[in-house]
Structures are given as C-alpha cells and as structure tokens.
>>> print(open('run.txt').read())   # compact mmCIF, C-alpha atoms
# COMPACT_ATOMS: atom_id res chain seq x y z
CA MET A 1 12.53 12.76 -14.12
CA THR A 2 11.62 10.11 -16.67
CA ALA A 3 8.80 7.83 -15.56
CA ARG A 4 9.97 4.42 -14.36
CA VAL A 5 7.92 1.22 -14.60
CA SER A 6 8.44 -2.24 -13.15
CA VAL A 7 6.20 -5.20 -13.99
CA ALA A 8 5.92 -8.73 -12.65
CA VAL A 9 3.40 -11.19 -14.07
CA SER A 10 2.57 -14.86 -13.61
CA HIS A 11 0.35 -17.15 -15.60
CA GLY A 12 0.24 -20.54 -13.92
CA ALA A 13 3.78 -21.50 -12.94
CA ALA A 14 5.42 -19.12 -15.41
CA VAL A 15 6.75 -15.89 -13.86
CA ARG A 16 8.14 -12.98 -15.88
CA SER A 17 9.33 -9.51 -15.01
CA TYR A 18 9.92 -6.42 -17.11
CA GLY A 19 11.99 -3.38 -16.21
CA GLU A 20 14.31 -3.04 -13.25
CA ASP A 21 12.87 -4.42 -10.00
CA LEU A 22 13.00 -1.12 -8.12
CA ALA A 23 11.51 -0.27 -4.75
CA TYR A 24 8.68 2.25 -4.92
CA PRO A 25 6.53 4.03 -2.34
CA SER A 26 3.50 1.77 -2.13
CA ALA A 27 0.68 4.32 -1.93
CA SER A 28 -2.64 2.51 -1.50
CA ILE A 29 -1.65 -0.92 -2.82
CA VAL A 30 -0.33 -1.51 0.72
CA LYS A 31 -3.96 -1.78 1.79
CA VAL A 32 -3.95 -5.35 0.41
CA SER A 33 -1.09 -6.12 2.78
CA ILE A 34 -2.86 -4.49 5.72
CA LEU A 35 -5.93 -6.67 5.27
CA ALA A 36 -3.81 -9.77 4.62
CA ALA A 37 -1.94 -9.09 7.87
CA LEU A 38 -5.23 -8.83 9.74
CA LEU A 39 -6.51 -12.08 8.22
CA LEU A 40 -3.25 -13.81 9.13
CA GLU A 41 -4.30 -13.49 12.77
CA GLY A 42 -6.58 -16.43 12.06
CA ARG A 43 -9.67 -15.14 13.83
CA GLU A 44 -13.08 -13.95 12.79
CA LEU A 45 -13.09 -10.27 11.97
CA THR A 46 -15.36 -8.08 14.04
CA GLU A 47 -18.26 -6.32 12.39
CA ARG A 48 -16.31 -3.07 12.66
CA GLU A 49 -13.20 -4.60 11.07
CA ARG A 50 -15.20 -6.02 8.18
CA ALA A 51 -16.76 -2.61 7.51
CA LEU A 52 -13.34 -0.95 7.63
CA ALA A 53 -11.84 -3.61 5.36
CA ARG A 54 -14.57 -3.07 2.77
CA ASP A 55 -14.11 0.69 2.82
CA MET A 56 -10.33 0.32 2.61
CA ILE A 57 -10.27 -2.02 -0.39
CA VAL A 58 -13.45 -1.18 -2.30
CA ARG A 59 -13.30 2.63 -1.90
CA SER A 60 -9.61 3.01 -0.93
CA ASP A 61 -10.63 4.87 2.23
CA ASN A 62 -7.53 6.17 4.01
CA ASP A 63 -9.10 6.61 7.44
CA ALA A 64 -10.20 2.96 7.39
CA ALA A 65 -6.67 1.93 6.43
CA THR A 66 -5.18 3.95 9.28
CA GLU A 67 -7.48 2.31 11.82
CA LEU A 68 -6.65 -1.20 10.59
CA TRP A 69 -2.96 -0.28 10.40
CA THR A 70 -3.12 0.41 14.13
CA THR A 71 -4.96 -2.88 14.71
CA ILE A 72 -2.20 -4.94 13.05
CA GLY A 73 0.52 -3.21 15.05
CA GLY A 74 1.68 -0.61 12.54
CA ALA A 75 4.97 -1.00 10.71
CA PRO A 76 6.34 -3.87 12.86
CA GLY A 77 3.10 -5.81 12.40
CA LEU A 78 3.15 -5.31 8.65
CA ASP A 79 6.81 -6.34 8.36
CA ALA A 80 6.06 -9.50 10.32
CA ALA A 81 3.14 -10.32 8.04
CA HIS A 82 5.24 -9.72 4.94
CA ALA A 83 7.91 -12.10 6.23
CA ARG A 84 5.26 -14.81 6.62
CA LEU A 85 3.89 -14.08 3.14
CA GLY A 86 7.27 -14.31 1.42
CA LEU A 87 7.94 -10.65 0.67
CA THR A 88 11.69 -10.12 1.02
CA ARG A 89 12.31 -6.54 -0.16
CA THR A 90 9.27 -4.70 1.21
CA ARG A 91 9.83 -2.45 4.23
CA ALA A 92 7.05 -0.73 6.13
CA ARG A 93 7.32 2.93 7.09
CA ARG A 94 5.61 4.81 9.89
CA ALA A 95 3.34 6.37 7.27
CA TRP A 96 1.76 3.29 5.66
CA GLY A 97 1.58 4.83 2.17
CA LEU A 98 5.36 5.30 2.12
CA THR A 99 6.03 1.60 2.64
CA ARG A 100 8.64 0.61 0.04
CA THR A 101 7.91 -2.38 -2.18
CA THR A 102 8.85 -3.99 -5.48
CA ALA A 103 6.86 -5.53 -8.32
CA ARG A 104 8.26 -8.98 -7.57
CA ASP A 105 7.26 -8.69 -3.92
CA GLN A 106 3.79 -7.58 -4.94
CA LEU A 107 3.54 -10.62 -7.20
CA ALA A 108 4.52 -12.81 -4.24
CA LEU A 109 1.73 -11.16 -2.25
CA LEU A 110 -0.77 -11.72 -5.06
CA ARG A 111 0.16 -15.39 -5.26
CA ALA A 112 -0.41 -15.72 -1.51
CA VAL A 113 -3.75 -13.93 -1.74
CA PHE A 114 -5.11 -15.71 -4.81
CA ASP A 115 -3.72 -19.17 -4.03
CA GLY A 116 -4.34 -19.06 -0.29
CA PRO A 117 -7.23 -18.93 2.18
CA TYR A 118 -8.23 -15.33 1.52
CA PRO A 119 -11.62 -15.46 -0.22
CA TYR A 120 -12.83 -12.34 1.59
CA LEU A 121 -9.89 -10.26 0.36
CA ARG A 122 -10.24 -11.60 -3.18
CA THR A 123 -13.95 -10.77 -3.17
CA LEU A 124 -13.35 -7.20 -2.07
CA MET A 125 -10.69 -6.72 -4.76
CA GLY A 126 -13.31 -7.74 -7.30
CA GLN A 127 -15.72 -5.07 -6.07
CA VAL A 128 -13.58 -1.94 -6.43
CA VAL A 129 -15.78 1.04 -7.21
CA ALA A 130 -16.13 2.55 -10.67
CA GLY A 131 -13.44 5.14 -11.21
CA GLN A 132 -10.89 3.03 -9.35
CA ASP A 133 -11.22 -0.07 -11.54
CA TRP A 134 -8.49 0.92 -14.00
CA GLY A 135 -5.03 -0.66 -14.18
CA VAL A 136 -4.46 -4.37 -14.56
CA SER A 137 -8.11 -4.75 -15.60
CA ALA A 138 -6.99 -3.37 -18.98
CA ALA A 139 -5.31 -6.74 -19.61
CA GLY A 140 -8.78 -8.22 -20.16
CA GLY A 141 -10.97 -10.86 -18.56
CA PRO A 142 -12.53 -10.98 -15.10
CA TRP A 143 -10.51 -8.87 -12.69
CA ALA A 144 -9.81 -8.32 -9.01
CA LEU A 145 -7.41 -5.51 -8.17
CA LYS A 146 -6.18 -2.72 -5.94
CA ASN A 147 -4.65 0.47 -7.25
CA GLY A 148 -2.48 3.10 -5.62
CA TRP A 149 -1.76 6.69 -6.61
CA MET A 150 -0.28 9.77 -4.99
CA PRO A 151 1.80 12.82 -5.87
CA MET A 152 5.18 12.91 -4.17
CA ARG A 153 5.60 15.98 -2.00
CA GLU A 154 9.18 16.70 -3.04
CA SER A 155 8.75 16.52 -6.82
CA GLY A 156 5.01 16.85 -7.43
CA LEU A 157 5.29 13.82 -9.73
CA TRP A 158 2.89 10.92 -9.38
CA VAL A 159 3.34 7.38 -8.17
CA VAL A 160 0.75 5.14 -9.87
CA HIS A 161 0.46 1.38 -9.27
CA SER A 162 -1.94 -1.45 -10.03
CA VAL A 163 -1.85 -4.99 -8.67
CA GLY A 164 -4.26 -7.88 -9.07
CA ARG A 165 -5.63 -10.56 -11.33
CA ALA A 166 -6.94 -10.16 -14.88
CA GLY A 167 -8.16 -13.24 -16.68
CA GLY A 168 -5.79 -16.01 -15.68
CA SER A 169 -2.80 -13.77 -14.94
CA LEU A 170 -1.54 -12.16 -11.76
CA ILE A 171 -0.03 -8.77 -12.56
CA ALA A 172 1.85 -6.16 -10.56
CA VAL A 173 2.68 -2.86 -12.26
CA LEU A 174 4.54 -0.24 -10.21
CA SER A 175 5.53 3.15 -11.57
CA GLU A 176 6.64 6.64 -10.60
CA GLY A 177 7.64 9.96 -12.12
CA HIS A 178 4.40 10.80 -13.95
CA PRO A 179 3.38 14.44 -14.50
CA THR A 180 -0.29 13.59 -13.83
CA LYS A 181 -2.33 10.75 -12.39
CA GLU A 182 -3.94 10.26 -15.81
CA ALA A 183 -0.55 9.83 -17.48
CA GLY A 184 0.33 7.24 -14.85
CA ILE A 185 -2.88 5.31 -15.42
CA ALA A 186 -2.29 5.21 -19.17
CA CYS A 187 1.26 3.95 -18.60
CA VAL A 188 0.18 1.28 -16.12
CA GLU A 189 -2.60 0.02 -18.38
CA ALA A 190 -0.30 -0.17 -21.39
CA ALA A 191 2.24 -2.11 -19.30
CA ALA A 192 -0.42 -4.54 -18.07
CA ARG A 193 -1.66 -5.23 -21.60
CA ALA A 194 1.89 -5.69 -22.89
CA ALA A 195 2.82 -8.05 -20.06
CA VAL A 196 -0.05 -10.39 -20.88
CA THR A 197 0.36 -10.11 -24.66
CA THR A 198 4.07 -10.98 -24.57
CA ARG A 199 3.90 -13.89 -22.12
CA ALA A 200 5.37 -17.12 -23.43
>>> encode(input="run.txt", output="structure tokens")
Amino acid sequence: MTARVSVAVSHGAAVRSYGEDLAYPSASIVKVSILAALLLEGRELTERERALARDMIVRSDNDAATELWTTIGGAPGLDAAHARLGLTRTRARRAWGLTRTTARDQLALLRAVFDGPYPYLRTLMGQVVAGQDWGVSAAGGPWALKNGWMPMRESGLWVVHSVGRAGGSLIAVLSEGHPTKEAGIACVEAAARAAVTTRA
C-alpha cells in the first residue's frame, strides 16, 4: 500500500487543501474532540476531569481518554459534539481511536478550538511533552498540537496524524500506509512545511 496523505490548512480566512479528502482512523487526534465535547457541556470541570484532560492531551494517555470518553457518552456523545462543532464527515466508533475523520473536518475542529472559548484546551495543546511535539510544529513558529499514531492490526502499516497551530496557520495532516511510525512522522512534517510554504 502506498502511503496516503491529506492536508487542510488555513491562514486567516484563506483555506486550502491538498490531496484527496479521505476518511482516516483518527488514532489519538480524537482526544481533542473528546475534551472539546466535555467542555461543550458548559460547566466547570471537576478536579479529576482536569487531571484526566491534562494526561490525555499532554501525554496522550489512553486510559485517561477512555474515562473521559465514558463521561461524554461514548460514540453518541462524540457525534453530537461534532455536529455542534461543524464536523460533517466524522463518525465515532465504539473504539474511540477508530473514529473516522477527514483533514477538512479536523480543520473545522481546529477553527472551533482556536477561535472559540477553549483556552484550557489550547493551553494543553501547547504543553505536549517532548517526544510527542513533532508534526505540524515543523511548519515553524509557536505551536499547539495533538498527534496520533497507531499500527493497523490488519496490515501492520501505520496511521500517523498531526493537527494544530503553527505560527499563524491552522494545519491538519492525516496519513496512513506507512511502514514505520518514523516514516509517517517524516511524511507528516514534510506535508506541514509544504502546506505553509505554498499558501497564497
């Protein structure tokens, strides 16, 4: 399988996309959606929820994500949140990491997060631990991001994604079909740099 890459980027009002806007398994980028769904409830997070949210975004902790996934009502809760946030082609699955999403939908989510009342989520995305701070950060400038990566059970090939803000651009890079995680990271970073370099 040849690796496939889809990119959506915005700089101000200008929105561009590169590659076919395919639906990919989300891996851990869905953790941004999980926290956004929780924040959409419009209440103060409990001390426990704030600790889980930090672990989920900053360290990409899966157990924390699973607990918050239950809190938001699982797949139906996530789908409802996505509808409110303007994501039209993203569909939650019973296993949160298999949620299917597109680069354009992820860009819509990023616009909601970075233009809306989500300072806590934005702050956490700017504190991702060393070793997980690759991806759209390669485009340069101050960054806030969330990455996702996992090998697919059927093929053994890797899904590798990066979504977030770098400098003044919002960037979503989704990809699959990589022989290794490292190959996926290199591909995603090259795509992020190219997307910013070629904007008009």
>>> residues_near_point(input="run.txt", point="(10.7, 0.7, -9.9)", cutoff="9 Å", atoms="only C-alpha atoms", output="list of chain:residue names")
A:Arg4, A:Val5, A:Ser6, A:Val7, A:Gly19, A:Glu20, A:Asp21, A:Leu22, A:Ala23, A:Tyr24, A:Thr101, A:Thr102, A:Ala103, A:Leu174, A:Ser175, A:Glu176
>>> write_last_selection(input="run.txt", atoms="C-alpha atoms", output="PDB file, in the coordinates of the input")
ATOM      1  CA  ARG A   4       9.970   4.420 -14.360  1.00  0.00           C
ATOM      2  CA  VAL A   5       7.920   1.220 -14.600  1.00  0.00           C
ATOM      3  CA  SER A   6       8.440  -2.240 -13.150  1.00  0.00           C
ATOM      4  CA  VAL A   7       6.200  -5.200 -13.990  1.00  0.00           C
ATOM      5  CA  GLY A  19      11.990  -3.380 -16.210  1.00  0.00           C
ATOM      6  CA  GLU A  20      14.310  -3.040 -13.250  1.00  0.00           C
ATOM      7  CA  ASP A  21      12.870  -4.420 -10.000  1.00  0.00           C
ATOM      8  CA  LEU A  22      13.000  -1.120  -8.120  1.00  0.00           C
ATOM      9  CA  ALA A  23      11.510  -0.270  -4.750  1.00  0.00           C
ATOM     10  CA  TYR A  24       8.680   2.250  -4.920  1.00  0.00           C
ATOM     11  CA  THR A 101       7.910  -2.380  -2.180  1.00  0.00           C
ATOM     12  CA  THR A 102       8.850  -3.990  -5.480  1.00  0.00           C
ATOM     13  CA  ALA A 103       6.860  -5.530  -8.320  1.00  0.00           C
ATOM     14  CA  LEU A 174       4.540  -0.240 -10.210  1.00  0.00           C
ATOM     15  CA  SER A 175       5.530   3.150 -11.570  1.00  0.00           C
ATOM     16  CA  GLU A 176       6.640   6.640 -10.600  1.00  0.00           C
TER      17      GLU A 176
END
>>> residues_around(input="run.txt", residues="segment 186-195 of chain A", least_positions_apart="4", cutoff="12 Å", atoms="only C-alpha atoms", output="mmCIF file with C-alpha atoms, in the coordinates of the input")
data_model
loop_
_atom_site.group_PDB
_atom_site.id
_atom_site.type_symbol
_atom_site.label_atom_id
_atom_site.label_comp_id
_atom_site.auth_asym_id
_atom_site.auth_seq_id
_atom_site.Cartn_x
_atom_site.Cartn_y
_atom_site.Cartn_z
ATOM 1 C CA ALA A 3 8.800 7.830 -15.560
ATOM 2 C CA ARG A 4 9.970 4.420 -14.360
ATOM 3 C CA VAL A 5 7.920 1.220 -14.600
ATOM 4 C CA SER A 6 8.440 -2.240 -13.150
ATOM 5 C CA VAL A 7 6.200 -5.200 -13.990
ATOM 6 C CA ALA A 8 5.920 -8.730 -12.650
ATOM 7 C CA VAL A 9 3.400 -11.190 -14.070
ATOM 8 C CA SER A 10 2.570 -14.860 -13.610
ATOM 9 C CA HIS A 11 0.350 -17.150 -15.600
ATOM 10 C CA VAL A 15 6.750 -15.890 -13.860
ATOM 11 C CA ARG A 16 8.140 -12.980 -15.880
ATOM 12 C CA SER A 17 9.330 -9.510 -15.010
ATOM 13 C CA TYR A 18 9.920 -6.420 -17.110
ATOM 14 C CA GLY A 19 11.990 -3.380 -16.210
ATOM 15 C CA ASP A 133 -11.220 -0.070 -11.540
ATOM 16 C CA TRP A 134 -8.490 0.920 -14.000
ATOM 17 C CA GLY A 135 -5.030 -0.660 -14.180
ATOM 18 C CA VAL A 136 -4.460 -4.370 -14.560
ATOM 19 C CA SER A 137 -8.110 -4.750 -15.600
ATOM 20 C CA ALA A 138 -6.990 -3.370 -18.980
ATOM 21 C CA ALA A 139 -5.310 -6.740 -19.610
ATOM 22 C CA GLY A 140 -8.780 -8.220 -20.160
ATOM 23 C CA GLY A 141 -10.970 -10.860 -18.560
ATOM 24 C CA ASN A 147 -4.650 0.470 -7.250
ATOM 25 C CA GLY A 148 -2.480 3.100 -5.620
ATOM 26 C CA TRP A 149 -1.760 6.690 -6.610
ATOM 27 C CA TRP A 158 2.890 10.920 -9.380
ATOM 28 C CA VAL A 159 3.340 7.380 -8.170
ATOM 29 C CA VAL A 160 0.750 5.140 -9.870
ATOM 30 C CA HIS A 161 0.460 1.380 -9.270
ATOM 31 C CA SER A 162 -1.940 -1.450 -10.030
ATOM 32 C CA VAL A 163 -1.850 -4.990 -8.670
ATOM 33 C CA GLY A 164 -4.260 -7.880 -9.070
ATOM 34 C CA ARG A 165 -5.630 -10.560 -11.330
ATOM 35 C CA ALA A 166 -6.940 -10.160 -14.880
ATOM 36 C CA GLY A 167 -8.160 -13.240 -16.680
ATOM 37 C CA SER A 169 -2.800 -13.770 -14.940
ATOM 38 C CA LEU A 170 -1.540 -12.160 -11.760
ATOM 39 C CA ILE A 171 -0.030 -8.770 -12.560
ATOM 40 C CA ALA A 172 1.850 -6.160 -10.560
ATOM 41 C CA VAL A 173 2.680 -2.860 -12.260
ATOM 42 C CA LEU A 174 4.540 -0.240 -10.210
ATOM 43 C CA SER A 175 5.530 3.150 -11.570
ATOM 44 C CA GLU A 176 6.640 6.640 -10.600
ATOM 45 C CA GLY A 177 7.640 9.960 -12.120
ATOM 46 C CA HIS A 178 4.400 10.800 -13.950
ATOM 47 C CA PRO A 179 3.380 14.440 -14.500
ATOM 48 C CA THR A 180 -0.290 13.590 -13.830
ATOM 49 C CA LYS A 181 -2.330 10.750 -12.390
ATOM 50 C CA GLU A 182 -3.940 10.260 -15.810
ATOM 51 C CA ARG A 199 3.900 -13.890 -22.120
ATOM 52 C CA ALA A 200 5.370 -17.120 -23.430
#
>>> closest_atom_pairs(input="run.txt", of="segment 84-129 of chain A", to="segment 70-76 of chain A", cutoff="12 Å", atoms="all atoms listed in the file", output="JSON lines")
{"residue": "A:Thr90", "atom": "CA", "partner": "A:Ala75", "partner_atom": "CA", "distance": 11.1}
{"residue": "A:Arg91", "atom": "CA", "partner": "A:Ala75", "partner_atom": "CA", "distance": 8.2}
{"residue": "A:Ala92", "atom": "CA", "partner": "A:Ala75", "partner_atom": "CA", "distance": 5.0}
{"residue": "A:Arg93", "atom": "CA", "partner": "A:Ala75", "partner_atom": "CA", "distance": 5.8}
{"residue": "A:Arg94", "atom": "CA", "partner": "A:Ala75", "partner_atom": "CA", "distance": 5.9}
{"residue": "A:Ala95", "atom": "CA", "partner": "A:Ala75", "partner_atom": "CA", "distance": 8.3}
{"residue": "A:Trp96", "atom": "CA", "partner": "A:Ala75", "partner_atom": "CA", "distance": 7.4}
{"residue": "A:Gly97", "atom": "CA", "partner": "A:Ala75", "partner_atom": "CA", "distance": 10.9}
{"residue": "A:Leu98", "atom": "CA", "partner": "A:Ala75", "partner_atom": "CA", "distance": 10.7}
{"residue": "A:Thr99", "atom": "CA", "partner": "A:Ala75", "partner_atom": "CA", "distance": 8.5}
{"residue": "A:Arg100", "atom": "CA", "partner": "A:Ala75", "partner_atom": "CA", "distance": 11.4}
>>> atom_distance(input="run.txt", atom1="atom CA of Pro117 of chain A", atom2="atom CA of Asn62 of chain A")
25.2 Å
>>> closest_residue(input="run.txt", among="A:Met150, A:Leu124, A:Ala108, A:Ile185", to="Arg50 of chain A", atoms="all atoms listed in the file")
A:Leu124
>>> build_atoms(input="run.txt", residues="segment 3-27 of chain A", atoms="N, CA and C atoms", output="tab-separated table (two decimals), keeping the file's coordinate frame")
chain	number	residue	atom	x	y	z
A	3	ALA	N	9.60	8.82	-16.27
A	3	ALA	CA	8.80	7.83	-15.56
A	3	ALA	C	9.47	6.46	-15.59
A	4	ARG	N	9.40	5.76	-14.48
A	4	ARG	CA	9.97	4.42	-14.36
A	4	ARG	C	8.85	3.43	-14.11
A	5	VAL	N	8.95	2.25	-14.71
A	5	VAL	CA	7.92	1.22	-14.60
A	5	VAL	C	8.57	-0.13	-14.36
A	6	SER	N	8.01	-0.87	-13.41
A	6	SER	CA	8.44	-2.24	-13.15
A	6	SER	C	7.21	-3.14	-13.17
A	7	VAL	N	7.34	-4.29	-13.82
A	7	VAL	CA	6.20	-5.20	-13.99
A	7	VAL	C	6.62	-6.61	-13.61
A	8	ALA	N	5.75	-7.30	-12.90
A	8	ALA	CA	5.92	-8.73	-12.65
A	8	ALA	C	4.59	-9.39	-12.94
A	9	VAL	N	4.63	-10.53	-13.65
A	9	VAL	CA	3.40	-11.19	-14.07
A	9	VAL	C	3.58	-12.70	-13.98
A	10	SER	N	2.53	-13.39	-13.59
A	10	SER	CA	2.57	-14.86	-13.61
A	10	SER	C	1.30	-15.38	-14.24
A	11	HIS	N	1.47	-16.44	-14.99
A	11	HIS	CA	0.35	-17.15	-15.60
A	11	HIS	C	0.61	-18.63	-15.34
A	12	GLY	N	-0.09	-19.20	-14.36
A	12	GLY	CA	0.24	-20.54	-13.92
A	12	GLY	C	1.58	-20.52	-13.22
A	13	ALA	N	2.47	-21.42	-13.59
A	13	ALA	CA	3.78	-21.50	-12.94
A	13	ALA	C	4.79	-20.54	-13.55
A	14	ALA	N	4.48	-19.99	-14.72
A	14	ALA	CA	5.42	-19.12	-15.41
A	14	ALA	C	5.42	-17.73	-14.78
A	15	VAL	N	6.60	-17.22	-14.45
A	15	VAL	CA	6.75	-15.89	-13.86
A	15	VAL	C	7.70	-15.08	-14.74
A	16	ARG	N	7.29	-13.86	-15.08
A	16	ARG	CA	8.14	-12.98	-15.88
A	16	ARG	C	8.17	-11.60	-15.23
A	17	SER	N	9.24	-10.89	-15.48
A	17	SER	CA	9.33	-9.51	-15.01
A	17	SER	C	9.89	-8.65	-16.13
A	18	TYR	N	9.51	-7.38	-16.10
A	18	TYR	CA	9.92	-6.42	-17.11
A	18	TYR	C	10.35	-5.14	-16.40
A	19	GLY	N	11.45	-4.56	-16.86
A	19	GLY	CA	11.99	-3.38	-16.21
A	19	GLY	C	12.78	-3.76	-14.97
A	20	GLU	N	13.51	-2.81	-14.44
A	20	GLU	CA	14.31	-3.04	-13.25
A	20	GLU	C	13.40	-3.21	-12.04
A	21	ASP	N	13.72	-4.15	-11.16
A	21	ASP	CA	12.87	-4.42	-10.00
A	21	ASP	C	13.20	-3.44	-8.88
A	22	LEU	N	12.71	-2.21	-9.06
A	22	LEU	CA	13.00	-1.12	-8.12
A	22	LEU	C	12.02	-1.13	-6.96
A	23	ALA	N	12.41	-0.47	-5.89
A	23	ALA	CA	11.51	-0.27	-4.75
A	23	ALA	C	10.82	1.08	-4.90
A	24	TYR	N	9.51	1.07	-4.76
A	24	TYR	CA	8.68	2.25	-4.92
A	24	TYR	C	7.89	2.53	-3.64
A	25	PRO	N	7.51	3.78	-3.39
A	25	PRO	CA	6.53	4.03	-2.34
A	25	PRO	C	5.22	3.34	-2.72
A	26	SER	N	4.62	2.65	-1.79
A	26	SER	CA	3.50	1.77	-2.13
A	26	SER	C	2.20	2.50	-2.44
A	27	ALA	N	2.00	3.69	-1.87
A	27	ALA	CA	0.68	4.32	-1.93
A	27	ALA	C	-0.37	3.31	-1.45
